[in-house]
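Structure data (compact mmCIF, C-alpha atoms and all ligand atoms) from run.txt:
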```
# COMPACT_ATOMS: atom_id res chain seq x y z
CA MET A 9 26.98 -33.06 33.72
CA ALA A 10 25.36 -31.01 31.01
CA ALA A 11 21.69 -30.82 31.73
CA GLY A 12 20.83 -29.70 28.26
CA SER A 13 22.10 -30.75 24.92
CA ASP A 14 22.81 -28.69 21.93
CA SER A 15 22.19 -31.54 19.57
CA GLY A 16 18.86 -32.56 20.98
CA PRO A 17 15.87 -33.39 18.86
CA SER A 18 13.88 -30.79 17.00
CA ILE A 19 11.84 -28.57 19.22
CA THR A 20 8.99 -28.21 16.76
CA GLY A 21 5.82 -29.39 18.37
CA LYS A 22 5.65 -31.94 21.11
CA VAL A 23 8.41 -34.09 19.76
CA SER A 24 11.30 -33.74 22.13
CA SER A 25 10.12 -35.63 25.14
CA VAL A 26 13.26 -36.86 26.82
CA THR A 27 14.08 -38.01 30.28
CA ARG A 28 17.61 -37.40 31.40
CA THR A 29 19.24 -37.75 34.74
CA VAL A 30 21.62 -35.13 35.93
CA ALA A 31 24.08 -36.24 38.55
CA PRO A 32 23.39 -34.63 41.90
CA THR A 33 25.59 -31.72 42.70
CA ASP A 34 29.02 -33.05 43.53
CA SER A 35 29.65 -32.12 47.12
CA THR A 36 33.37 -31.99 46.48
CA HIS A 37 32.75 -29.18 44.00
CA ARG A 38 30.59 -27.20 46.28
CA SER A 39 31.93 -25.36 49.23
CA PRO A 40 29.57 -25.47 52.17
CA ARG A 41 30.81 -22.05 53.15
CA GLY A 42 28.34 -19.42 52.12
CA ALA A 43 26.37 -22.04 50.27
CA LEU A 44 23.13 -20.49 51.41
CA ALA A 45 21.67 -18.28 54.05
CA LEU A 46 22.53 -19.64 57.47
CA GLY A 47 19.91 -21.04 59.72
CA LYS A 48 18.10 -19.02 62.33
CA ASN A 49 17.43 -20.21 65.84
CA PRO A 50 14.08 -18.62 66.76
CA GLY A 51 11.06 -20.87 66.51
CA ARG A 52 9.32 -18.78 63.90
CA SER A 53 12.14 -19.61 61.50
CA ARG A 54 11.55 -23.34 61.69
CA SER A 55 10.38 -23.61 58.10
CA HIS A 56 13.38 -21.56 57.00
CA ASN A 57 15.67 -23.93 58.89
CA ARG A 58 14.02 -26.92 57.25
CA ARG A 59 14.88 -25.51 53.84
CA VAL A 60 18.41 -24.70 54.97
CA LEU A 61 19.01 -28.26 56.16
CA LEU A 62 17.55 -29.77 53.00
CA GLU A 63 19.74 -27.53 50.85
CA LEU A 64 22.86 -28.32 52.90
CA LEU A 65 22.22 -32.03 52.51
CA ARG A 66 21.52 -31.68 48.81
CA ARG A 67 24.78 -29.83 48.27
CA ASN A 68 27.05 -31.67 50.69
CA GLY A 69 25.71 -35.21 50.67
CA PRO A 70 24.82 -37.25 53.79
CA GLN A 71 25.66 -35.61 57.12
CA GLY A 72 25.19 -36.23 60.81
CA ARG A 73 23.28 -33.94 63.14
CA LYS A 74 26.34 -32.29 64.66
CA ALA A 75 27.93 -31.62 61.28
CA LEU A 76 24.66 -30.14 60.02
CA ALA A 77 24.34 -27.95 63.06
CA ASP A 78 27.87 -26.61 62.46
CA LEU A 79 27.20 -26.00 58.76
CA ALA A 80 23.87 -24.29 59.38
CA GLY A 81 24.91 -22.35 62.46
CA ILE A 82 21.96 -23.55 64.56
CA SER A 83 21.83 -25.70 67.66
CA THR A 84 22.21 -29.47 67.51
CA GLN A 85 18.91 -29.81 69.36
CA ALA A 86 17.10 -27.69 66.78
CA VAL A 87 18.66 -29.77 64.01
CA ALA A 88 17.60 -32.98 65.75
CA ASN A 89 14.00 -31.80 66.01
CA ILE A 90 13.82 -30.75 62.38
CA ILE A 91 15.46 -33.95 61.15
CA GLU A 92 12.89 -35.97 63.04
CA GLU A 93 10.12 -34.11 61.23
CA LEU A 94 11.79 -34.37 57.84
CA VAL A 95 12.28 -38.12 58.22
CA ALA A 96 8.65 -38.49 59.27
CA ASP A 97 7.60 -36.47 56.22
CA GLY A 98 9.59 -38.77 53.93
CA LEU A 99 11.93 -35.99 52.80
CA LEU A 100 15.04 -37.40 54.55
CA LEU A 101 16.44 -40.92 54.83
CA ASP A 102 18.18 -42.36 57.89
CA MET A 103 21.35 -43.90 56.41
CA GLY A 104 22.59 -45.54 59.60
CA ARG A 105 25.86 -44.93 61.39
CA LYS A 106 29.02 -44.18 59.48
CA ARG A 107 32.18 -45.59 61.04
CA THR A 108 34.64 -42.73 61.39
CA GLY A 109 36.97 -43.75 64.19
CA ARG A 110 36.62 -44.08 67.89
CA GLY A 111 33.34 -43.80 69.69
CA LEU A 112 29.80 -44.21 68.49
CA PRO A 113 29.69 -42.86 64.94
CA PRO A 114 26.93 -40.38 64.10
CA ILE A 115 23.81 -41.38 62.22
CA GLN A 116 23.95 -40.01 58.69
CA TYR A 117 20.96 -38.41 57.03
CA ALA A 118 20.45 -37.96 53.31
CA ILE A 119 17.92 -36.35 51.02
CA ASN A 120 15.25 -38.77 49.87
CA PRO A 121 15.10 -38.07 46.13
CA ASP A 122 11.67 -39.68 45.98
CA GLY A 123 10.36 -37.49 48.78
CA ALA A 124 9.09 -34.70 46.56
CA VAL A 125 9.42 -33.19 43.10
CA THR A 126 9.21 -29.70 41.65
CA ILE A 127 8.22 -28.68 38.14
CA GLY A 128 9.74 -25.81 36.19
CA LEU A 129 8.21 -24.12 33.16
CA GLU A 130 9.83 -21.60 30.88
CA ILE A 131 7.47 -19.54 28.77
CA SER A 132 9.32 -17.95 25.88
CA VAL A 133 8.18 -16.48 22.61
CA GLY A 134 6.79 -19.44 20.67
CA GLU A 135 7.93 -22.16 23.04
CA LEU A 136 7.20 -23.78 26.39
CA THR A 137 9.81 -25.91 28.18
CA ALA A 138 8.84 -28.12 31.13
CA THR A 139 11.26 -29.80 33.54
CA LEU A 140 10.73 -32.00 36.56
CA LEU A 141 13.35 -32.21 39.33
CA ASP A 142 13.30 -34.52 42.30
CA LEU A 143 14.31 -33.47 45.78
CA GLY A 144 17.87 -34.67 45.12
CA GLY A 145 18.20 -32.23 42.24
CA ASN A 146 17.98 -34.94 39.59
CA LEU A 147 16.35 -33.99 36.31
CA ARG A 148 13.67 -36.59 35.76
CA HIS A 149 11.93 -35.15 32.76
CA GLU A 150 12.32 -32.41 30.18
CA GLU A 151 9.94 -31.61 27.37
CA ARG A 152 9.44 -28.81 24.86
CA PHE A 153 6.29 -27.63 23.15
CA SER A 154 5.86 -25.07 20.44
CA LEU A 155 3.38 -22.35 21.35
CA ASP A 156 1.35 -21.12 18.43
CA ASP A 157 -1.13 -19.32 20.65
CA MET A 158 0.74 -17.06 23.06
CA ARG A 159 -2.38 -15.65 24.76
CA PRO A 160 -2.25 -16.09 28.53
CA ASP A 161 -5.46 -18.16 28.76
CA ALA A 162 -4.17 -20.70 26.25
CA VAL A 163 -0.66 -20.95 27.69
CA LEU A 164 -1.83 -21.18 31.32
CA ALA A 165 -4.32 -23.89 30.41
CA LEU A 166 -1.56 -25.84 28.66
CA ILE A 167 0.70 -25.46 31.69
CA GLY A 168 -2.04 -26.70 34.00
CA ASP A 169 -2.61 -29.77 31.83
CA GLU A 170 1.10 -30.46 31.52
CA VAL A 171 1.73 -30.24 35.27
CA ARG A 172 -1.17 -32.58 36.00
CA ARG A 173 0.07 -35.03 33.37
CA LEU A 174 3.65 -34.98 34.69
CA ILE A 175 2.69 -35.37 38.32
CA ALA A 176 0.24 -38.18 37.59
CA ARG A 177 3.24 -40.30 36.55
CA GLN A 178 5.15 -39.63 39.79
CA SER A 179 4.74 -41.29 43.13
CA ALA A 180 6.43 -38.33 44.85
CA ARG A 181 4.35 -35.36 45.87
CA LEU A 182 4.60 -32.04 44.08
CA MET A 183 6.28 -29.48 46.28
CA GLY A 184 5.88 -26.46 44.06
CA VAL A 185 6.05 -25.04 40.56
CA GLY A 186 8.43 -22.42 39.18
CA VAL A 187 7.46 -20.40 36.12
CA VAL A 188 9.91 -18.20 34.27
CA MET A 189 9.38 -15.80 31.42
CA PRO A 190 11.10 -12.81 29.91
CA GLY A 191 10.92 -9.70 32.06
CA PRO A 192 10.37 -6.97 32.83
CA PHE A 193 7.43 -7.32 35.17
CA GLY A 194 4.89 -4.69 36.08
CA ILE A 195 6.37 -1.63 34.42
CA GLU A 196 5.15 0.80 31.82
CA GLY A 197 6.96 2.02 28.77
CA LEU A 198 10.65 1.65 28.12
CA SER A 199 11.59 -1.99 27.88
CA GLY A 200 8.18 -3.65 28.12
CA VAL A 201 7.76 -3.35 24.39
CA GLY A 202 8.86 -4.97 21.21
CA PRO A 203 9.00 -8.40 19.68
CA THR A 204 11.13 -9.96 22.42
CA THR A 205 8.53 -9.49 25.12
CA LEU A 206 5.34 -11.42 25.75
CA LYS A 207 2.39 -9.34 24.66
CA ASP A 208 -0.81 -9.28 26.72
CA TRP A 209 0.95 -10.72 29.77
CA THR A 210 1.62 -7.48 31.61
CA ASP A 211 -1.30 -7.60 34.02
CA ILE A 212 -1.62 -11.36 34.33
CA ASP A 213 -1.25 -12.79 37.83
CA VAL A 214 0.52 -15.93 36.67
CA ALA A 215 1.38 -17.19 40.16
CA GLY A 216 -2.13 -16.59 41.49
CA ARG A 217 -3.93 -18.18 38.58
CA LEU A 218 -1.71 -21.26 38.39
CA SER A 219 -1.60 -21.88 42.13
CA GLY A 220 -5.39 -21.59 42.15
CA ASP A 221 -5.63 -24.08 39.31
CA LEU A 222 -3.03 -26.55 40.62
CA GLY A 223 -3.36 -26.20 44.36
CA VAL A 224 0.40 -25.85 44.89
CA PRO A 225 2.70 -22.88 45.52
CA VAL A 226 3.82 -21.21 42.28
CA VAL A 227 6.87 -18.96 42.02
CA VAL A 228 7.41 -16.62 39.07
CA ASP A 229 10.75 -15.15 38.08
CA ASN A 230 12.44 -13.81 34.99
CA ASP A 231 14.25 -16.14 32.61
CA ALA A 232 17.75 -14.74 33.08
CA ASN A 233 17.62 -15.12 36.87
CA ALA A 234 16.33 -18.66 36.51
CA ALA A 235 19.02 -19.52 33.96
CA ALA A 236 21.64 -18.29 36.41
CA VAL A 237 20.16 -20.56 39.07
CA GLY A 238 20.18 -23.45 36.57
CA GLU A 239 23.83 -22.77 35.81
CA MET A 240 24.61 -22.52 39.52
CA LEU A 241 23.07 -25.92 40.23
CA PHE A 242 23.98 -27.85 37.09
CA GLY A 243 26.57 -25.99 35.06
CA LYS A 244 29.55 -23.67 35.14
CA GLY A 245 28.19 -21.79 38.12
CA GLN A 246 28.80 -24.66 40.53
CA ASN A 247 31.13 -23.61 43.30
CA VAL A 248 31.10 -20.04 41.97
CA GLY A 249 29.48 -17.75 44.49
CA HIS A 250 29.53 -14.60 42.38
CA PHE A 251 28.85 -14.72 38.68
CA CYS A 252 26.82 -13.02 35.98
CA MET A 253 24.76 -14.87 33.41
CA LEU A 254 23.94 -13.28 30.07
CA TYR A 255 20.86 -15.07 28.86
CA PHE A 256 19.74 -15.17 25.24
CA GLY A 257 16.00 -15.61 25.15
CA ALA A 258 14.38 -13.75 22.29
CA GLY A 259 16.08 -10.70 23.77
CA ILE A 260 18.93 -10.60 26.25
CA GLY A 261 18.86 -10.49 30.03
CA LEU A 262 21.30 -10.52 32.91
CA GLY A 263 21.03 -12.88 35.86
CA ALA A 264 23.43 -12.00 38.67
CA ILE A 265 24.34 -14.49 41.38
CA VAL A 266 25.66 -12.65 44.41
CA GLN A 267 26.81 -14.70 47.37
CA ASP A 268 25.10 -17.81 46.00
CA GLN A 269 21.74 -16.09 45.65
CA PRO A 270 20.06 -14.58 42.60
CA LEU A 271 19.89 -10.80 42.77
CA ARG A 272 16.29 -9.90 42.01
CA GLY A 273 16.02 -6.23 42.82
CA ALA A 274 13.10 -4.62 44.64
CA PHE A 275 10.59 -5.54 41.91
CA GLY A 276 12.15 -8.61 40.31
CA ASN A 277 13.56 -6.61 37.43
CA ALA A 278 17.27 -6.49 38.23
CA GLY A 279 19.30 -7.29 35.14
CA GLU A 280 16.97 -5.92 32.46
CA ILE A 281 19.85 -4.85 30.23
CA GLY A 282 18.25 -5.27 26.80
CA HIS A 283 17.33 -1.63 26.43
CA ILE A 284 20.52 -0.09 27.71
CA PRO A 285 21.92 1.91 24.79
CA VAL A 286 25.38 0.69 23.82
CA ALA A 287 25.68 2.30 20.39
CA PRO A 288 25.14 6.08 20.42
CA GLY A 289 23.12 7.06 17.36
CA GLY A 290 22.66 3.38 16.55
CA LEU A 291 19.66 1.38 15.43
CA PRO A 292 16.29 2.86 16.38
CA CYS A 293 14.48 0.72 18.94
CA GLN A 294 10.77 0.24 19.66
CA CYS A 295 11.38 1.55 23.16
CA GLY A 296 12.01 5.00 21.69
CA GLN A 297 15.75 5.03 22.21
CA SER A 298 18.43 4.11 19.72
CA GLY A 299 21.39 1.78 19.91
CA CYS A 300 19.89 -0.59 22.51
CA LEU A 301 21.90 -3.74 23.25
CA GLU A 302 18.97 -5.94 22.24
CA GLY A 303 19.01 -4.44 18.74
CA TYR A 304 22.37 -6.18 18.20
CA ALA A 305 23.02 -8.96 20.70
CA SER A 306 19.81 -10.99 20.69
CA ILE A 307 18.19 -13.85 18.87
CA HIS A 308 15.69 -11.32 17.57
CA ALA A 309 18.52 -9.39 15.94
CA LEU A 310 20.05 -12.60 14.58
CA SER A 311 16.68 -13.60 13.17
CA GLY A 312 16.63 -10.32 11.27
CA TYR A 313 20.02 -11.14 9.74
CA LEU A 314 18.57 -14.50 8.72
CA GLY A 315 15.61 -12.86 6.97
CA SER A 316 13.02 -13.33 9.72
CA SER A 317 12.65 -9.92 11.29
CA ASP A 318 9.05 -10.44 12.39
CA ARG A 319 9.44 -13.90 13.91
CA VAL A 320 12.13 -14.96 16.35
CA LEU A 321 13.76 -18.13 15.07
CA ARG A 322 14.04 -21.26 17.19
CA ALA A 323 17.38 -22.85 18.04
CA ASP A 324 16.84 -25.72 15.60
CA GLU A 325 16.15 -23.27 12.79
CA ILE A 326 19.31 -21.32 13.64
CA ARG A 327 21.28 -24.55 13.83
CA ALA A 328 20.11 -25.49 10.35
CA ARG A 329 21.38 -22.17 9.01
CA ILE A 330 24.76 -22.71 10.70
CA ASP A 331 24.95 -26.19 9.17
CA ALA A 332 24.16 -24.70 5.78
CA GLY A 333 27.06 -22.27 6.16
CA ASP A 334 24.86 -19.18 5.90
CA PRO A 335 27.24 -16.18 5.80
CA ALA A 336 24.62 -14.03 7.56
CA ILE A 337 25.54 -15.85 10.77
CA ASP A 338 29.03 -14.43 10.59
CA ASP A 339 27.70 -10.97 9.75
CA TRP A 340 25.57 -11.08 12.88
CA LEU A 341 28.51 -12.19 15.02
CA ALA A 342 30.59 -9.30 13.71
CA SER A 343 27.78 -6.87 14.52
CA ALA A 344 26.81 -8.26 17.94
CA ALA A 345 30.19 -9.02 19.50
CA PRO A 346 31.51 -5.45 19.97
CA HIS A 347 28.29 -4.24 21.64
CA LEU A 348 28.09 -7.29 23.84
CA ALA A 349 31.72 -6.80 24.82
CA THR A 350 30.98 -3.21 25.85
CA MET A 351 28.13 -4.43 28.06
CA ILE A 352 30.25 -7.16 29.61
CA GLY A 353 32.90 -4.63 30.55
CA MET A 354 30.22 -2.54 32.30
CA ILE A 355 28.81 -5.59 34.06
CA GLU A 356 32.26 -6.52 35.34
CA ASN A 357 32.75 -3.05 36.75
CA ILE A 358 29.32 -2.99 38.39
CA PHE A 359 29.11 -6.52 39.80
CA ASP A 360 32.77 -7.62 40.08
CA PRO A 361 31.84 -11.22 39.22
CA GLN A 362 34.23 -14.17 39.26
CA THR A 363 33.17 -14.92 35.69
CA VAL A 364 30.54 -14.02 33.10
CA ILE A 365 28.62 -16.93 31.60
CA LEU A 366 26.79 -16.82 28.26
CA GLY A 367 23.84 -19.11 27.76
CA GLY A 368 20.30 -19.47 26.56
CA LYS A 369 18.60 -20.45 23.36
CA LEU A 370 21.45 -19.81 20.97
CA PRO A 371 23.07 -23.03 19.71
CA GLY A 372 26.18 -23.85 21.74
CA ARG A 373 28.49 -23.55 18.75
CA LEU A 374 27.28 -20.03 18.14
CA LEU A 375 27.80 -19.11 21.79
CA ASP A 376 31.36 -20.43 21.48
CA ASP A 377 31.92 -18.33 18.36
CA LEU A 378 30.52 -15.30 20.13
CA VAL A 379 32.78 -15.79 23.16
CA ALA A 380 35.78 -16.17 20.85
CA ARG A 381 34.95 -12.88 19.12
CA LEU A 382 34.57 -10.80 22.25
CA LYS A 383 37.18 -8.15 22.88
CA VAL A 384 36.06 -7.08 26.32
CA PRO A 385 37.42 -3.66 27.27
CA PRO A 386 39.63 -3.22 30.33
CA SER A 387 37.72 -3.48 33.61
CA VAL A 388 38.17 -4.54 37.21
CA ALA A 389 38.18 -8.08 35.84
CA ASN A 390 41.74 -7.57 34.56
CA ARG A 391 43.40 -9.36 37.45
CA PRO A 392 46.66 -11.26 37.09
CA SER A 393 45.41 -13.75 39.67
CA ARG A 394 42.28 -14.76 37.76
CA VAL A 395 41.35 -18.42 37.95
CA LEU A 396 38.18 -18.52 35.85
CA PRO A 397 37.94 -17.07 32.35
CA ARG A 398 36.38 -13.61 32.15
CA VAL A 399 33.72 -14.91 29.77
CA GLN A 400 32.70 -18.49 29.09
CA ARG A 401 29.85 -20.49 27.63
CA GLY A 402 27.44 -22.06 30.09
CA GLN A 403 27.05 -25.77 30.52
CA ALA A 404 23.44 -26.20 31.57
CA GLY A 405 22.30 -25.93 27.96
CA GLN A 406 19.22 -24.44 26.37
CA GLY A 407 17.05 -25.76 29.17
CA SER A 408 18.97 -23.82 31.82
CA ALA A 409 16.11 -21.41 32.53
CA ALA A 410 13.56 -24.23 32.81
CA LEU A 411 15.95 -26.13 35.11
CA GLY A 412 16.36 -23.02 37.22
CA ALA A 413 12.58 -22.62 37.24
CA ALA A 414 12.17 -26.06 38.76
CA ALA A 415 14.76 -25.17 41.40
CA LEU A 416 13.02 -21.90 42.34
CA PRO A 417 10.70 -23.49 44.89
CA PHE A 418 13.85 -24.56 46.79
CA PHE A 419 15.11 -21.02 47.11
CA ASN A 420 13.93 -19.64 50.39
CA ALA A 421 15.19 -16.16 49.65
CA ILE A 422 12.83 -15.97 46.70
CA THR A 423 9.96 -17.87 48.21
CA PRO A 424 9.65 -17.07 51.89
CA GLN A 425 6.03 -18.19 51.84
CA LEU A 426 6.93 -21.72 50.85
CA ASP A 427 7.00 -24.23 53.63
CA LEU A 428 8.27 -27.65 52.74
CA ALA A 429 6.75 -28.95 55.95
CA GLU A 430 3.29 -28.81 54.49
CA PRO A 431 2.55 -31.80 52.30
CA VAL A 432 1.23 -30.40 49.06
CA PRO A 433 -1.76 -32.31 47.75
CA VAL A 434 -1.16 -33.95 44.41
CA PRO A 435 -3.66 -32.43 42.00
CA GLN A 436 -6.23 -34.87 40.71
CA GLU A 437 -7.23 -35.11 37.09
ZN ZN B 1 15.29 -0.24 23.30
```
Would you give me this structure, written as structure tokens?
Amino acid sequence: MAAGSDSGPSITGKVSSVTRTVAPTDSTHRSPRGALALGKNPGRSRSHNRRVLLELLRRNGPQGRKALADLAGISTQAVANIIEELVADGLLLDMGRKRTGRGLPPIQYAINPDGAVTIGLEISVGELTATLLDLGGNLRHEERFSLDDMRPDAVLALIGDEVRRLIARQSARLMGVGVVMPGPFGIEGLSGVGPTTLKDWTDIDVAGRLSGDLGVPVVVDNDANAAAVGEMLFGKGQNVGHFCMLYFGAGIGLGAIVQDQPLRGAFGNAGEIGHIPVAPGGLPCQCGQSGCLEGYASIHALSGYLGSSDRVLRADEIRARIDAGDPAIDDWLASAAPHLATMIGMIENIFDPQTVILGGKLPGRLLDDLVARLKVPPSVANRPSRVLPRVQRGQAGQGSAALGAAALPFFNAITPQLDLAEPVPVPQE
């Protein structure tokens, strides 16, 4: 089920083109209850209801009209009308009648995986990851590129070319594009500084420029939120309605899933925890404070331990140092774990999650070592009735944010302007 692999090929340059298929979300592991916002009956919410039905079918497998109406909380007639449209649009398949007992069995409808695809792109310091998901949630393609030129013009041009190249090989139409990058967005001072952020990107209208270039809807979100969505769809977040994801990009971010939806905040910056001081009188930070979490628990900090304080190391470089038995790895773990544990205790008290998941661009072995070292202080998470571990390593792998990015166009709460009813023209070369 892992959508990403820790032992994948080197990510230097355009060398790791792989196509992997991720099994569709197992309906038996996904409670339909609270799975997504319920449908709405008024006519103006038709596009919303279309997304709701598609998501219910993706998560629960083939269903009849009556069952869908019950799950979505809208009338059977409304469901029937929408299904007719979705079948006509090629997004749903009529699977025939399923024999269930007496009487005429209901016609079952299923997602047509070939009906549409979405593309996700994660822009991180020095690297671009691209993923392509079909409508059934299957990962059809994943590819990584190193980014030597991080200027917006260069990266956006590369993204445009990559999307056109990927979609040219698909018969399905492109429904939308999700782009994720480290936050924060649109703020001044404080945390928008330092080596873990993308310079020169502050005032760039990424969604506007890319949608203008590609002719499809483009959604932008921060990497930690997207990684949480990736983990919710493909990893340890399945069937977990409330969880927190600590995401190691170059820095560290928090993605919170609350009632099966990512918590974005008023300005998309919820979860920017990197510059919360956790060590009074600790390491000076470029943000002007001292003892910020990111100064300890981040790949940037680890890179400093490994002798690369001005360049954030890639996962394959870190993996090589682990393989070589570099003692600096252990020194970093000893330094980072207590501060991360402090933050996790706070997060538990603030969000009351079912579990906290660690993921991102650290090698999986190192995440396991980090989890093992954590001595999380007492919090509301100390419940005798716990089922899930307080802290665990994610399963969606290093591509979790890019996977989540590709899923963003599905999320109506994030993208109310998206309407799956409208066939999106496939961009021409
Ligand atoms: Zn700081």
Checklist entry - CA of Arg373 in chain A and CA of Gly407 in chain A, how far apart in Å? => result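 One can read the CA of Gly407 in chain A to CA of Arg373 in chain A distance as 15.6 Å.
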Item to check | 6 Å shell around ligand ZN 1 (chain B) using all atoms listed in the file, listed as a ChimeraX atom specification | outcome: /A:283,293-295,297,300
Item to check | Radius query 10 Å about (19.8, -21.9, 32.8), atoms used: all atoms listed in the file, as a ChimeraX atom specification | outcome: /A:11-12,231-243,245,253-255,263,366-369,402-413
Checklist outcome for this item: Pairwise distance, CA of Asn230 in chain A with CA of Asn277 in chain A, equals 7.7 Å
Next on the checklist: List as a list in words the protein and nucleic acid residues near Glu130 in chain A, meaning an atom at most 6 Å away when all atoms listed in the file are counted, but skip any in the same chain fewer than 4 places from it.
Outcome noted: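 Counting all atoms listed in the file, the residues come to Leu136, Thr137, Val187, Val188, Met189 and Ala410 of chain A.
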Can you pull out the residues contacting Asp213 in chain A? Cut-off 12 Å, using only C-alpha atoms, and skip same-chain residues under 6 positions away; I want them as an mmCIF file with C-alpha atoms, in the coordinates of the input.
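Here's the written file result-v3.cif:
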```cif
data_model
loop_
_atom_site.group_PDB
_atom_site.id
_atom_site.type_symbol
_atom_site.label_atom_id
_atom_site.label_comp_id
_atom_site.auth_asym_id
_atom_site.auth_seq_id
_atom_site.Cartn_x
_atom_site.Cartn_y
_atom_site.Cartn_z
ATOM 1 C CA PRO A 160 -2.250 -16.090 28.530
ATOM 2 C CA ASP A 161 -5.460 -18.160 28.760
ATOM 3 C CA LEU A 164 -1.830 -21.180 31.320
ATOM 4 C CA VAL A 187 7.460 -20.400 36.120
ATOM 5 C CA PHE A 193 7.430 -7.320 35.170
ATOM 6 C CA GLY A 194 4.890 -4.690 36.080
ATOM 7 C CA SER A 219 -1.600 -21.880 42.130
ATOM 8 C CA GLY A 220 -5.390 -21.590 42.150
ATOM 9 C CA VAL A 226 3.820 -21.210 42.280
ATOM 10 C CA VAL A 227 6.870 -18.960 42.020
ATOM 11 C CA VAL A 228 7.410 -16.620 39.070
#
```
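Note that the spacing between CA of Gly259 in chain A and CA of Ser306 in chain A amounts to 4.8 Å.
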Item to check | Pick from A:Gly261, A:Gly98, A:Gly81, A:Gly312, whichever lies nearest to Ile355 in chain A using all atoms listed in the file | outcome: A:Gly261
